[in-house]
$ cat entry.cif   # mmCIF, C-alpha atoms
data_coords
#
loop_
_atom_site.group_PDB
_atom_site.id
_atom_site.type_symbol
_atom_site.label_atom_id
_atom_site.label_comp_id
_atom_site.auth_asym_id
_atom_site.auth_seq_id
_atom_site.Cartn_x
_atom_site.Cartn_y
_atom_site.Cartn_z
ATOM 1 C CA MET J 1 -17.466 -85.919 -89.491
ATOM 2 C CA SER J 2 -17.648 -85.290 -85.747
ATOM 3 C CA ASN J 3 -15.677 -82.435 -84.202
ATOM 4 C CA VAL J 4 -14.806 -84.608 -81.184
ATOM 5 C CA VAL J 5 -11.970 -87.170 -81.138
ATOM 6 C CA THR J 6 -12.689 -89.999 -78.712
ATOM 7 C CA ASP J 7 -10.653 -92.779 -80.339
ATOM 8 C CA PRO J 8 -7.286 -91.405 -81.535
ATOM 9 C CA ARG J 9 -5.650 -93.328 -84.339
ATOM 10 C CA PRO J 10 -2.477 -95.222 -83.412
ATOM 11 C CA VAL J 11 0.728 -95.042 -85.446
ATOM 12 C CA VAL J 12 0.933 -98.398 -87.202
ATOM 13 C CA ARG J 13 4.042 -97.839 -89.356
ATOM 14 C CA LYS J 14 6.904 -95.349 -89.332
ATOM 15 C CA PHE J 15 9.396 -94.529 -92.086
ATOM 16 C CA LEU J 16 12.374 -92.203 -92.249
ATOM 17 C CA ALA J 17 12.410 -90.531 -95.669
ATOM 18 C CA ARG J 18 16.027 -90.630 -96.802
ATOM 19 C CA PRO J 19 17.425 -88.371 -99.560
ATOM 20 C CA GLN J 20 17.536 -89.727 -103.122
ATOM 21 C CA HIS J 21 18.115 -88.212 -106.565
ATOM 22 C CA GLU J 22 15.142 -87.345 -108.772
ATOM 23 C CA GLY J 23 14.539 -85.256 -111.882
ATOM 24 C CA VAL J 24 17.764 -83.642 -113.111
ATOM 25 C CA GLY J 25 20.079 -83.004 -110.167
ATOM 26 C CA ALA J 26 17.277 -82.562 -107.632
ATOM 27 C CA THR J 27 17.093 -84.284 -104.256
ATOM 28 C CA VAL J 28 13.910 -85.667 -102.726
ATOM 29 C CA ARG J 29 13.014 -87.433 -99.518
ATOM 30 C CA ARG J 30 10.386 -89.896 -100.753
ATOM 31 C CA SER J 31 8.169 -91.487 -98.127
ATOM 32 C CA ILE J 32 5.217 -92.745 -100.189
ATOM 33 C CA GLY J 33 6.027 -94.314 -103.549
ATOM 34 C CA ARG J 34 9.174 -96.087 -102.333
ATOM 35 C CA PHE J 35 9.724 -99.836 -102.353
ATOM 36 C CA GLU J 36 8.457 -100.320 -98.772
ATOM 37 C CA LEU J 37 5.281 -98.320 -99.436
ATOM 38 C CA LYS J 38 4.418 -98.159 -103.116
ATOM 39 C CA TYR J 39 0.827 -97.011 -102.581
ATOM 40 C CA PHE J 40 -1.271 -95.821 -99.670
ATOM 41 C CA ASP J 41 -4.720 -95.544 -101.235
ATOM 42 C CA PRO J 42 -5.391 -92.929 -102.626
ATOM 43 C CA PHE J 43 -1.839 -91.533 -102.255
ATOM 44 C CA LEU J 44 0.813 -92.445 -104.807
ATOM 45 C CA VAL J 45 3.832 -90.315 -103.891
ATOM 46 C CA LEU J 46 4.940 -87.919 -101.172
ATOM 47 C CA ASP J 47 8.222 -86.105 -101.817
ATOM 48 C CA GLU J 48 9.966 -83.472 -99.739
ATOM 49 C CA PHE J 49 12.080 -81.897 -102.468
ATOM 50 C CA SER J 50 15.174 -79.731 -102.460
ATOM 51 C CA VAL J 51 16.453 -78.178 -105.693
ATOM 52 C CA THR J 52 19.032 -75.557 -106.663
ATOM 53 C CA ALA J 53 19.430 -74.212 -110.207
ATOM 54 C CA PRO J 54 20.289 -75.501 -112.744
ATOM 55 C CA ALA J 55 18.849 -78.692 -111.260
ATOM 56 C CA GLY J 56 15.101 -79.222 -111.459
ATOM 57 C CA PHE J 57 12.272 -81.115 -113.086
ATOM 58 C CA PRO J 58 12.371 -80.331 -116.828
ATOM 59 C CA ASP J 59 9.642 -81.207 -119.357
ATOM 60 C CA HIS J 60 7.798 -84.392 -118.388
ATOM 61 C CA PRO J 61 4.269 -85.857 -118.762
ATOM 62 C CA HIS J 62 1.511 -86.985 -116.384
ATOM 63 C CA ARG J 63 -1.791 -88.798 -116.776
ATOM 64 C CA GLY J 64 -4.411 -90.228 -114.416
ATOM 65 C CA PHE J 65 -3.839 -88.418 -111.099
ATOM 66 C CA GLU J 66 -3.322 -85.073 -109.356
ATOM 67 C CA THR J 67 -0.130 -83.393 -108.134
ATOM 68 C CA VAL J 68 -0.226 -81.076 -105.116
ATOM 69 C CA THR J 69 2.801 -78.800 -104.759
ATOM 70 C CA TYR J 70 3.201 -76.861 -101.504
ATOM 71 C CA MET J 71 6.242 -74.595 -101.270
ATOM 72 C CA LEU J 72 8.207 -74.341 -98.021
ATOM 73 C CA GLN J 73 11.147 -72.189 -99.140
ATOM 74 C CA GLY J 74 12.141 -70.282 -102.269
ATOM 75 C CA ALA J 75 10.135 -70.437 -105.499
ATOM 76 C CA VAL J 76 9.450 -72.714 -108.464
ATOM 77 C CA THR J 77 8.228 -71.735 -111.927
ATOM 78 C CA HIS J 78 5.758 -74.049 -113.608
ATOM 79 C CA GLU J 79 4.761 -74.065 -117.275
ATOM 80 C CA ASP J 80 2.882 -76.539 -119.453
ATOM 81 C CA PHE J 81 2.009 -77.235 -123.072
ATOM 82 C CA GLU J 82 -1.410 -75.582 -122.694
ATOM 83 C CA GLY J 83 0.267 -72.216 -122.096
ATOM 84 C CA HIS J 84 -0.314 -72.164 -118.351
ATOM 85 C CA LYS J 85 2.631 -70.593 -116.538
ATOM 86 C CA GLY J 86 3.232 -69.220 -113.078
ATOM 87 C CA THR J 87 5.541 -69.079 -110.080
ATOM 88 C CA ILE J 88 4.708 -70.463 -106.661
ATOM 89 C CA GLU J 89 6.626 -69.087 -103.681
ATOM 90 C CA ALA J 90 7.016 -70.108 -100.038
ATOM 91 C CA GLY J 91 3.606 -70.908 -98.586
ATOM 92 C CA ASP J 92 1.887 -71.024 -101.997
ATOM 93 C CA LEU J 93 -0.100 -73.991 -103.289
ATOM 94 C CA GLN J 94 -0.676 -75.525 -106.697
ATOM 95 C CA TRP J 95 -3.257 -78.339 -107.045
ATOM 96 C CA MET J 96 -2.908 -79.730 -110.564
ATOM 97 C CA THR J 97 -5.309 -82.271 -112.030
ATOM 98 C CA ALA J 98 -3.372 -83.973 -114.833
ATOM 99 C CA GLY J 99 -6.405 -85.950 -115.984
ATOM 100 C CA ARG J 100 -6.074 -87.189 -119.570
ATOM 101 C CA GLY J 101 -2.671 -85.667 -119.990
ATOM 102 C CA ILE J 102 -0.309 -82.790 -119.337
ATOM 103 C CA VAL J 103 3.339 -82.110 -120.172
ATOM 104 C CA HIS J 104 5.003 -79.552 -117.949
ATOM 105 C CA SER J 105 8.199 -78.420 -116.249
ATOM 106 C CA GLU J 106 8.964 -77.347 -112.673
ATOM 107 C CA MET J 107 12.178 -75.359 -112.296
ATOM 108 C CA PRO J 108 13.844 -73.128 -109.662
ATOM 109 C CA ALA J 109 12.807 -69.466 -109.807
ATOM 110 C CA ALA J 110 14.972 -67.974 -107.059
ATOM 111 C CA GLU J 111 18.523 -67.950 -105.790
ATOM 112 C CA GLY J 112 19.652 -70.658 -103.392
ATOM 113 C CA THR J 113 17.769 -73.807 -102.531
ATOM 114 C CA GLN J 114 14.042 -74.251 -103.196
ATOM 115 C CA LYS J 115 12.175 -76.617 -100.875
ATOM 116 C CA GLY J 116 8.657 -77.963 -100.851
ATOM 117 C CA LEU J 117 6.336 -80.931 -100.745
ATOM 118 C CA GLN J 118 4.735 -82.705 -103.664
ATOM 119 C CA LEU J 119 1.891 -85.151 -103.118
ATOM 120 C CA TRP J 120 0.401 -87.343 -105.864
ATOM 121 C CA ILE J 121 -3.259 -88.242 -105.361
ATOM 122 C CA ASN J 122 -4.829 -90.962 -107.464
ATOM 123 C CA LEU J 123 -7.994 -90.300 -109.452
ATOM 124 C CA SER J 124 -10.861 -92.755 -109.748
ATOM 125 C CA SER J 125 -11.397 -94.510 -113.082
ATOM 126 C CA LYS J 126 -14.247 -92.122 -113.931
ATOM 127 C CA HIS J 127 -11.960 -89.088 -113.506
ATOM 128 C CA LYS J 128 -8.699 -90.313 -115.028
ATOM 129 C CA MET J 129 -9.445 -88.935 -118.494
ATOM 130 C CA ILE J 130 -10.988 -85.575 -117.563
ATOM 131 C CA GLU J 131 -9.531 -82.345 -118.904
ATOM 132 C CA PRO J 132 -6.512 -80.946 -117.012
ATOM 133 C CA LYS J 133 -7.241 -78.249 -114.439
ATOM 134 C CA TYR J 134 -5.402 -76.080 -111.929
ATOM 135 C CA GLN J 135 -6.283 -74.699 -108.521
ATOM 136 C CA GLU J 136 -3.703 -72.252 -107.244
ATOM 137 C CA MET J 137 -3.534 -70.251 -104.030
ATOM 138 C CA LYS J 138 -1.099 -67.641 -102.824
ATOM 139 C CA SER J 139 0.087 -68.078 -99.253
ATOM 140 C CA THR J 140 -2.012 -65.104 -98.145
ATOM 141 C CA ASP J 141 -5.170 -66.764 -99.485
ATOM 142 C CA ILE J 142 -4.738 -70.056 -97.615
ATOM 143 C CA LYS J 143 -7.062 -70.009 -94.630
ATOM 144 C CA GLU J 144 -5.519 -70.240 -91.180
ATOM 145 C CA ALA J 145 -6.716 -70.714 -87.618
ATOM 146 C CA SER J 146 -5.089 -70.764 -84.192
ATOM 147 C CA ARG J 147 -6.077 -71.920 -80.733
ATOM 148 C CA ASN J 148 -4.197 -72.695 -77.508
ATOM 149 C CA GLY J 149 -0.732 -72.728 -79.045
ATOM 150 C CA VAL J 150 -1.832 -74.555 -82.211
ATOM 151 C CA GLU J 151 -1.678 -72.935 -85.633
ATOM 152 C CA VAL J 152 -3.063 -74.609 -88.754
ATOM 153 C CA ARG J 153 -3.013 -73.774 -92.439
ATOM 154 C CA VAL J 154 -6.016 -75.449 -94.058
ATOM 155 C CA ILE J 155 -4.865 -76.494 -97.524
ATOM 156 C CA ALA J 156 -7.760 -78.921 -98.062
ATOM 157 C CA GLY J 157 -10.571 -80.003 -95.751
ATOM 158 C CA GLU J 158 -11.417 -78.413 -92.409
ATOM 159 C CA SER J 159 -9.759 -77.713 -89.060
ATOM 160 C CA LEU J 160 -10.510 -75.531 -86.021
ATOM 161 C CA GLY J 161 -13.705 -74.317 -87.665
ATOM 162 C CA VAL J 162 -12.012 -73.182 -90.889
ATOM 163 C CA ARG J 163 -12.660 -74.824 -94.273
ATOM 164 C CA SER J 164 -10.515 -74.678 -97.417
ATOM 165 C CA GLU J 165 -11.968 -73.629 -100.752
ATOM 166 C CA ILE J 166 -9.942 -76.244 -102.650
ATOM 167 C CA TYR J 167 -12.120 -78.799 -104.452
ATOM 168 C CA THR J 168 -10.876 -82.378 -104.137
ATOM 169 C CA ARG J 169 -12.163 -84.896 -106.671
ATOM 170 C CA THR J 170 -10.754 -87.630 -104.504
ATOM 171 C CA PRO J 171 -12.015 -86.483 -101.066
ATOM 172 C CA THR J 172 -8.895 -85.280 -99.245
ATOM 173 C CA MET J 173 -7.779 -83.338 -96.182
ATOM 174 C CA TYR J 174 -4.381 -81.604 -96.097
ATOM 175 C CA LEU J 175 -3.479 -79.649 -92.957
ATOM 176 C CA ASP J 176 -0.224 -77.893 -92.035
ATOM 177 C CA PHE J 177 0.066 -77.736 -88.229
ATOM 178 C CA THR J 178 2.520 -75.840 -86.034
ATOM 179 C CA LEU J 179 2.419 -76.598 -82.290
ATOM 180 C CA LYS J 180 4.190 -74.408 -79.783
ATOM 181 C CA PRO J 181 5.961 -76.128 -76.852
ATOM 182 C CA GLY J 182 3.371 -77.678 -74.547
ATOM 183 C CA ALA J 183 0.538 -77.529 -77.093
ATOM 184 C CA HIS J 184 -1.571 -80.449 -78.291
ATOM 185 C CA ILE J 185 -4.294 -81.049 -80.890
ATOM 186 C CA ARG J 186 -7.110 -83.505 -81.493
ATOM 187 C CA GLN J 187 -8.047 -83.381 -85.174
ATOM 188 C CA PRO J 188 -11.033 -85.395 -86.467
ATOM 189 C CA ILE J 189 -10.520 -87.678 -89.486
ATOM 190 C CA PRO J 190 -13.386 -89.484 -91.276
ATOM 191 C CA LEU J 191 -13.499 -93.094 -90.072
ATOM 192 C CA SER J 192 -13.220 -94.707 -93.513
ATOM 193 C CA TRP J 193 -10.267 -92.609 -94.691
ATOM 194 C CA ASN J 194 -6.583 -93.480 -94.806
ATOM 195 C CA ALA J 195 -4.367 -90.882 -93.133
ATOM 196 C CA PHE J 196 -0.715 -90.108 -92.441
ATOM 197 C CA VAL J 197 1.515 -87.554 -90.735
ATOM 198 C CA TYR J 198 4.779 -86.192 -92.120
ATOM 199 C CA VAL J 199 6.995 -84.289 -89.687
ATOM 200 C CA LEU J 200 8.668 -81.176 -91.103
ATOM 201 C CA GLU J 201 10.343 -79.578 -88.075
ATOM 202 C CA GLY J 202 10.919 -80.385 -84.417
ATOM 203 C CA GLU J 203 9.644 -83.517 -82.731
ATOM 204 C CA GLY J 204 6.247 -84.592 -81.467
ATOM 205 C CA VAL J 205 4.187 -87.352 -79.923
ATOM 206 C CA PHE J 206 1.490 -88.839 -82.144
ATOM 207 C CA GLY J 207 -1.253 -91.357 -81.533
ATOM 208 C CA LYS J 208 -0.974 -91.830 -77.786
ATOM 209 C CA GLU J 209 0.407 -89.587 -75.051
ATOM 210 C CA ARG J 210 2.924 -92.189 -73.854
ATOM 211 C CA CYS J 211 4.440 -92.868 -77.276
ATOM 212 C CA SER J 212 8.025 -91.810 -77.932
ATOM 213 C CA ALA J 213 8.641 -88.563 -79.827
ATOM 214 C CA VAL J 214 9.142 -88.587 -83.594
ATOM 215 C CA SER J 215 11.518 -86.205 -85.378
ATOM 216 C CA ALA J 216 11.643 -84.488 -88.771
ATOM 217 C CA HIS J 217 11.463 -86.354 -92.094
ATOM 218 C CA HIS J 218 9.463 -89.252 -90.645
ATOM 219 C CA LEU J 219 6.227 -90.504 -92.215
ATOM 220 C CA LEU J 220 3.682 -92.009 -89.827
ATOM 221 C CA LEU J 221 0.854 -94.179 -91.134
ATOM 222 C CA LEU J 222 -2.191 -93.962 -88.894
ATOM 223 C CA GLY J 223 -4.442 -96.902 -88.045
ATOM 224 C CA GLU J 224 -8.158 -96.985 -87.299
ATOM 225 C CA GLY J 225 -9.866 -94.344 -85.180
ATOM 226 C CA ASP J 226 -11.791 -91.106 -85.427
ATOM 227 C CA GLY J 227 -8.909 -88.643 -85.416
ATOM 228 C CA LEU J 228 -5.340 -87.672 -84.633
ATOM 229 C CA TYR J 229 -3.871 -86.804 -81.244
ATOM 230 C CA ALA J 230 -0.574 -84.897 -81.441
ATOM 231 C CA SER J 231 1.412 -83.047 -78.791
ATOM 232 C CA ASN J 232 4.637 -81.085 -78.492
ATOM 233 C CA LYS J 233 6.520 -81.921 -75.309
ATOM 234 C CA SER J 234 9.781 -80.369 -76.497
ATOM 235 C CA SER J 235 11.179 -76.858 -76.079
ATOM 236 C CA LYS J 236 10.982 -76.000 -79.806
ATOM 237 C CA ALA J 237 8.121 -75.651 -82.265
ATOM 238 C CA LEU J 238 6.715 -78.766 -83.937
ATOM 239 C CA ARG J 239 5.534 -78.567 -87.562
ATOM 240 C CA PHE J 240 3.879 -81.420 -89.440
ATOM 241 C CA ILE J 241 1.324 -82.097 -92.130
ATOM 242 C CA LEU J 242 -1.708 -84.315 -91.630
ATOM 243 C CA VAL J 243 -3.090 -85.761 -94.854
ATOM 244 C CA GLY J 244 -6.104 -88.020 -95.204
ATOM 245 C CA GLY J 245 -8.116 -89.321 -98.130
ATOM 246 C CA GLU J 246 -10.979 -91.579 -99.066
ATOM 247 C CA PRO J 247 -9.623 -94.871 -100.486
ATOM 248 C CA LEU J 248 -10.610 -95.578 -104.093
ATOM 249 C CA GLY J 249 -10.398 -99.364 -103.803
ATOM 250 C CA GLU J 250 -9.500 -99.720 -107.487
ATOM 251 C CA PRO J 251 -6.667 -101.576 -109.255
ATOM 252 C CA VAL J 252 -3.546 -99.462 -109.802
ATOM 253 C CA ARG J 253 -1.148 -99.784 -112.713
ATOM 254 C CA GLN J 254 1.712 -97.294 -112.739
ATOM 255 C CA TYR J 255 4.430 -96.633 -115.256
ATOM 256 C CA GLY J 256 6.463 -93.678 -113.981
ATOM 257 C CA PRO J 257 4.295 -90.552 -114.451
ATOM 258 C CA PHE J 258 1.307 -92.510 -115.804
ATOM 259 C CA VAL J 259 -1.209 -94.044 -113.390
ATOM 260 C CA MET J 260 -4.151 -96.029 -114.724
ATOM 261 C CA ASN J 261 -6.229 -99.085 -113.727
ATOM 262 C CA THR J 262 -5.036 -101.731 -116.217
ATOM 263 C CA GLN J 263 -1.886 -102.620 -118.154
ATOM 264 C CA GLU J 264 -3.822 -102.119 -121.392
ATOM 265 C CA GLN J 265 -4.549 -98.522 -120.357
ATOM 266 C CA ILE J 266 -0.875 -97.975 -119.553
ATOM 267 C CA ASP J 267 0.123 -99.345 -122.968
ATOM 268 C CA GLN J 268 -2.392 -97.006 -124.605
ATOM 269 C CA THR J 269 -1.081 -94.066 -122.598
ATOM 270 C CA ILE J 270 2.498 -94.726 -123.701
ATOM 271 C CA GLU J 271 1.303 -94.948 -127.305
ATOM 272 C CA ASP J 272 -0.685 -91.709 -126.930
ATOM 273 C CA TYR J 273 2.326 -89.893 -125.513
ATOM 274 C CA GLU J 274 4.776 -91.191 -128.080
ATOM 275 C CA ASN J 275 2.398 -90.346 -130.949
ATOM 276 C CA CYS J 276 1.173 -87.053 -129.427
ATOM 277 C CA THR J 277 -2.477 -88.110 -129.550
ATOM 278 C CA ASN J 278 -5.534 -88.392 -127.259
ATOM 279 C CA GLY J 279 -4.644 -85.511 -124.943
ATOM 280 C CA PHE J 280 -0.951 -85.151 -125.787
ATOM 281 C CA GLU J 281 -1.388 -83.420 -129.176
ATOM 282 C CA LYS J 282 0.359 -80.212 -128.108
ATOM 283 C CA ALA J 283 3.423 -82.092 -126.921
ATOM 284 C CA ARG J 284 4.620 -82.467 -130.519
ATOM 285 C CA GLN J 285 5.707 -78.833 -130.936
ATOM 286 C CA TRP J 286 6.172 -77.731 -127.337
ATOM 287 C CA LYS J 287 9.253 -77.114 -125.224
ATOM 288 C CA SER J 288 9.246 -75.117 -122.015
ATOM 289 C CA GLN J 289 11.096 -71.813 -121.851
ATOM 290 C CA SER J 290 13.106 -73.197 -118.942
ATOM 291 C CA SER J 291 14.392 -75.989 -121.185
ATOM 292 C CA PHE J 292 16.137 -73.318 -123.276
ATOM 293 C CA VAL J 293 17.277 -71.285 -120.249
ATOM 294 C CA PHE J 294 18.787 -74.293 -118.493
ATOM 295 C CA GLY J 295 19.907 -76.088 -121.672
ATOM 296 C CA TYR J 296 17.722 -79.226 -121.421
#
$ encode --input "entry.cif" --output "structure tokens"
Amino acid sequence: MSNVVTDPRPVVRKFLARPQHEGVGATVRRSIGRFELKYFDPFLVLDEFSVTAPAGFPDHPHRGFETVTYMLQGAVTHEDFEGHKGTIEAGDLQWMTAGRGIVHSEMPAAEGTQKGLQLWINLSSKHKMIEPKYQEMKSTDIKEASRNGVEVRVIAGESLGVRSEIYTRTPTMYLDFTLKPGAHIRQPIPLSWNAFVYVLEGEGVFGKERCSAVSAHHLLLLGEGDGLYASNKSSKALRFILVGGEPLGEPVRQYGPFVMNTQEQIDQTIEDYENCTNGFEKARQWKSQSSFVFGY
């Protein structure tokens, strides 16, 4: 991947992520995984979530993909049927590979409102049934760089000469940019990858210098080109994420939290979950501690 952007990608589609209910009493702004954009290969879902106890995401299963949780405010406690448990706070990252199967819960761990992003990344057919795995990073361990009014947190991939240590089975870049007023950035993106921007705070110009500014909670799908051009022409800071990934080019069959390649595989997954077999054995006797605390 070249470090020079000569052909910035245009914005080809724009969506405003509107609030909707999800989990138990939680609110999400879903931009990928909604009816207008069910799949953006290899990305299945992007949620900006907001949750206040006792609301949350109690015990639920996954199979066939990865979930990437990036906290923006507050804290969330995660626990699963393998005994893995931990709390991720503002700026922390959890990259969970569900693989052949996981049952877990994600519940508020602090007073007030907890906010964050959760991205679902599809796995190729050869990786869908691998053993579950976690990659977790505290905010202080996420690599950062800054230059000419641009700050970036490198969650996955590389930017401004800094590379993340996160391993991505589906090749992925995930960058959290903050641009001061007057700053701009040209970020390379591999030519064959799909990529999008999600605006968190402020407003910015993306794609071409003469485009109109885009405000918070908008998802921008990027077209063909070798990178992203973004600038902040406002008087306040601009914060956005840039996410890109190598398309899998495989059939997708989804049934809620299960994502496979064929309907037969989905049927088998439902049977496995209901019978607590083939990766879901520990689900038979398990309930999260939060399910007792919050009465689920």
$ closest_atom_pairs --input "entry.cif" --of "region 109-164 of chain J" --to "region 222-242 of chain J" --cutoff "12 Å" --atoms "all atoms listed in the file" --output "Markdown table"
| residue | atom | partner | partner_atom | distance |
| --- | --- | --- | --- | --- |
| J:Leu117 | CA | J:Ile241 | CA | 10.0 |
| J:Leu119 | CA | J:Ile241 | CA | 11.4 |
| J:Asn148 | CA | J:Ser231 | CA | 11.8 |
| J:Gly149 | CA | J:Ala237 | CA | 9.9 |
| J:Val150 | CA | J:Leu238 | CA | 9.7 |
| J:Glu151 | CA | J:Arg239 | CA | 9.4 |
| J:Val152 | CA | J:Ile241 | CA | 9.3 |
| J:Arg153 | CA | J:Ile241 | CA | 9.4 |
| J:Val154 | CA | J:Ile241 | CA | 10.1 |
| J:Ile155 | CA | J:Ile241 | CA | 9.9 |
| J:Ala156 | CA | J:Leu242 | CA | 10.3 |
| J:Gly157 | CA | J:Leu242 | CA | 10.7 |
| J:Glu158 | CA | J:Leu242 | CA | 11.4 |
| J:Ser159 | CA | J:Leu242 | CA | 10.7 |
$ residues_around --input "entry.cif" --residues "region 91-96 of chain J" --least-positions-apart "6" --cutoff "7 Å" --atoms "all atoms listed in the file" --output "compact mmCIF listing (two decimals) with C-alpha atoms, keeping the file's coordinate frame"
# COMPACT_ATOMS: atom_id res chain seq x y z
CA GLU J 66 -3.32 -85.07 -109.36
CA THR J 67 -0.13 -83.39 -108.13
CA VAL J 68 -0.23 -81.08 -105.12
CA THR J 69 2.80 -78.80 -104.76
CA TYR J 70 3.20 -76.86 -101.50
CA MET J 71 6.24 -74.60 -101.27
CA LEU J 72 8.21 -74.34 -98.02
CA LYS J 133 -7.24 -78.25 -114.44
CA TYR J 134 -5.40 -76.08 -111.93
CA GLN J 135 -6.28 -74.70 -108.52
CA GLU J 136 -3.70 -72.25 -107.24
CA MET J 137 -3.53 -70.25 -104.03
CA LYS J 138 -1.10 -67.64 -102.82
CA SER J 139 0.09 -68.08 -99.25
$ axis_aligned_box --input "entry.cif" --around "region 196-213 of chain J" --padding-each-side "8 Å" --output "AutoDock Vina command-line options"
--center_x 4.8 --center_y -86.2 --center_z -83.1 --size_x 28.2 --size_y 29.3 --size_z 34.6
$ closest_residue --input "entry.cif" --among "J:Pro171, J:Gly256, J:Pro190, J:Pro108" --to "Gly64 (chain J)" --atoms "only C-alpha atoms"
J:Gly256
$ residues_near_point --input "entry.cif" --point "(22.3, -75.7, -110.8)" --cutoff "9 Å" --atoms "all atoms listed in the file" --output "ChimeraX atom specification"
/J:25,51-56,108,294
$ atom_distance --input "entry.cif" --atom1 "CA of Ile142 (chain J)" --atom2 "CA of Ala17 (chain J)"
26.8 Å
$ closest_residue --input "entry.cif" --among "J:Asp141, J:Lys128, J:Pro19, J:Asn261" --to "Glu165 (chain J)" --atoms "all atoms listed in the file"
J:Asp141
$ resolve_selection --input "entry.cif" --expression "the PyMOL selection byres ((chain J and resi 3) around 10)" --output "VMD selection string"
chain J and resid 1 to 2 4 to 6 159 to 161 186 to 189 226 to 227
$ closest_residue --input "entry.cif" --among "J:Gly204, J:Pro257, J:Thr178, J:Cys211" --to "Gly33 (chain J)" --atoms "all atoms listed in the file"
J:Pro257
$ residues_around --input "entry.cif" --residues "region 78-86 of chain J" --least-positions-apart "5" --cutoff "9 Å" --atoms "only C-alpha atoms" --output "PyMOL selection string"
chain J and resi 59+102-107+280+282-283+285-290
$ atom_distance --input "entry.cif" --atom1 "CA of Glu48 (chain J)" --atom2 "CA of Trp120 (chain J)"
12.0 Å
$ closest_residue --input "entry.cif" --among "J:Gly74, J:Pro8, J:Gly101, J:Pro251" --to "Glu281 (chain J)" --atoms "all atoms listed in the file"
J:Gly101
$ resolve_selection --input "entry.cif" --expression "the PyMOL selection byres ((chain J and resi 121) around 6)" --output "PyMOL selection string"
chain J and resi 42-44+65-66+120+122
$ atom_distance --input "entry.cif" --atom1 "CA of Ile266 (chain J)" --atom2 "CA of Tyr39 (chain J)"
17.1 Å
$ closest_residue --input "entry.cif" --among "J:Ser125, J:Val11, J:Pro181, J:Ala90" --to "Gly207 (chain J)" --atoms "all atoms listed in the file"
J:Val11
$ resolve_selection --input "entry.cif" --expression "the PyMOL selection byres ((chain J and resi 129) around 10)" --output "ChimeraX atom specification"
/J:63-65,98-101,123-128,130-132,260,278-279
$ closest_residue --input "entry.cif" --among "J:Gly244, J:Pro10, J:Gly182, J:Gly23" --to "Phe196 (chain J)" --atoms "all atoms listed in the file"
J:Gly244
$ decode --input "entry.cif" --residues "region 48-61 of chain J" --atoms "N, CA and C atoms" --output "PDB file, in the first residue's frame"
ATOM      1  N   GLU J  48     -23.542   2.489  16.791  1.00  0.00           N
ATOM      2  CA  GLU J  48     -23.108   3.419  17.827  1.00  0.00           C
ATOM      3  C   GLU J  48     -24.112   3.243  18.960  1.00  0.00           C
ATOM      4  N   PHE J  49     -23.672   2.651  20.068  1.00  0.00           N
ATOM      5  CA  PHE J  49     -24.637   2.269  21.104  1.00  0.00           C
ATOM      6  C   PHE J  49     -24.596   3.205  22.300  1.00  0.00           C
ATOM      7  N   SER J  50     -25.732   3.262  22.977  1.00  0.00           N
ATOM      8  CA  SER J  50     -25.900   4.067  24.177  1.00  0.00           C
ATOM      9  C   SER J  50     -26.745   3.250  25.154  1.00  0.00           C
ATOM     10  N   VAL J  51     -26.210   2.998  26.356  1.00  0.00           N
ATOM     11  CA  VAL J  51     -26.910   2.109  27.282  1.00  0.00           C
ATOM     12  C   VAL J  51     -26.700   2.568  28.712  1.00  0.00           C
ATOM     13  N   THR J  52     -27.789   2.547  29.485  1.00  0.00           N
ATOM     14  CA  THR J  52     -27.771   2.920  30.896  1.00  0.00           C
ATOM     15  C   THR J  52     -28.408   1.802  31.696  1.00  0.00           C
ATOM     16  N   ALA J  53     -27.744   1.350  32.753  1.00  0.00           N
ATOM     17  CA  ALA J  53     -28.279   0.265  33.582  1.00  0.00           C
ATOM     18  C   ALA J  53     -29.694   0.603  34.064  1.00  0.00           C
ATOM     19  N   PRO J  54     -30.583  -0.429  34.123  1.00  0.00           N
ATOM     20  CA  PRO J  54     -30.334  -1.855  33.928  1.00  0.00           C
ATOM     21  C   PRO J  54     -30.411  -2.340  32.480  1.00  0.00           C
ATOM     22  N   ALA J  55     -30.525  -1.424  31.529  1.00  0.00           N
ATOM     23  CA  ALA J  55     -30.554  -1.840  30.132  1.00  0.00           C
ATOM     24  C   ALA J  55     -29.195  -2.420  29.735  1.00  0.00           C
ATOM     25  N   GLY J  56     -29.188  -3.186  28.645  1.00  0.00           N
ATOM     26  CA  GLY J  56     -27.924  -3.750  28.181  1.00  0.00           C
ATOM     27  C   GLY J  56     -28.133  -4.846  27.166  1.00  0.00           C
ATOM     28  N   PHE J  57     -27.115  -5.698  27.061  1.00  0.00           N
ATOM     29  CA  PHE J  57     -27.147  -6.797  26.096  1.00  0.00           C
ATOM     30  C   PHE J  57     -26.882  -8.094  26.856  1.00  0.00           C
ATOM     31  N   PRO J  58     -27.950  -8.649  27.485  1.00  0.00           N
ATOM     32  CA  PRO J  58     -27.777  -9.871  28.280  1.00  0.00           C
ATOM     33  C   PRO J  58     -27.441 -11.081  27.409  1.00  0.00           C
ATOM     34  N   ASP J  59     -27.278 -12.226  28.044  1.00  0.00           N
ATOM     35  CA  ASP J  59     -26.757 -13.455  27.424  1.00  0.00           C
ATOM     36  C   ASP J  59     -27.314 -13.689  26.022  1.00  0.00           C
ATOM     37  N   HIS J  60     -26.392 -13.814  25.052  1.00  0.00           N
ATOM     38  CA  HIS J  60     -26.789 -14.065  23.667  1.00  0.00           C
ATOM     39  C   HIS J  60     -25.630 -14.750  22.925  1.00  0.00           C
ATOM     40  N   PRO J  61     -25.926 -15.477  21.845  1.00  0.00           N
ATOM     41  CA  PRO J  61     -24.892 -16.227  21.124  1.00  0.00           C
ATOM     42  C   PRO J  61     -24.378 -15.496  19.886  1.00  0.00           C
TER      43      PRO J  61
END
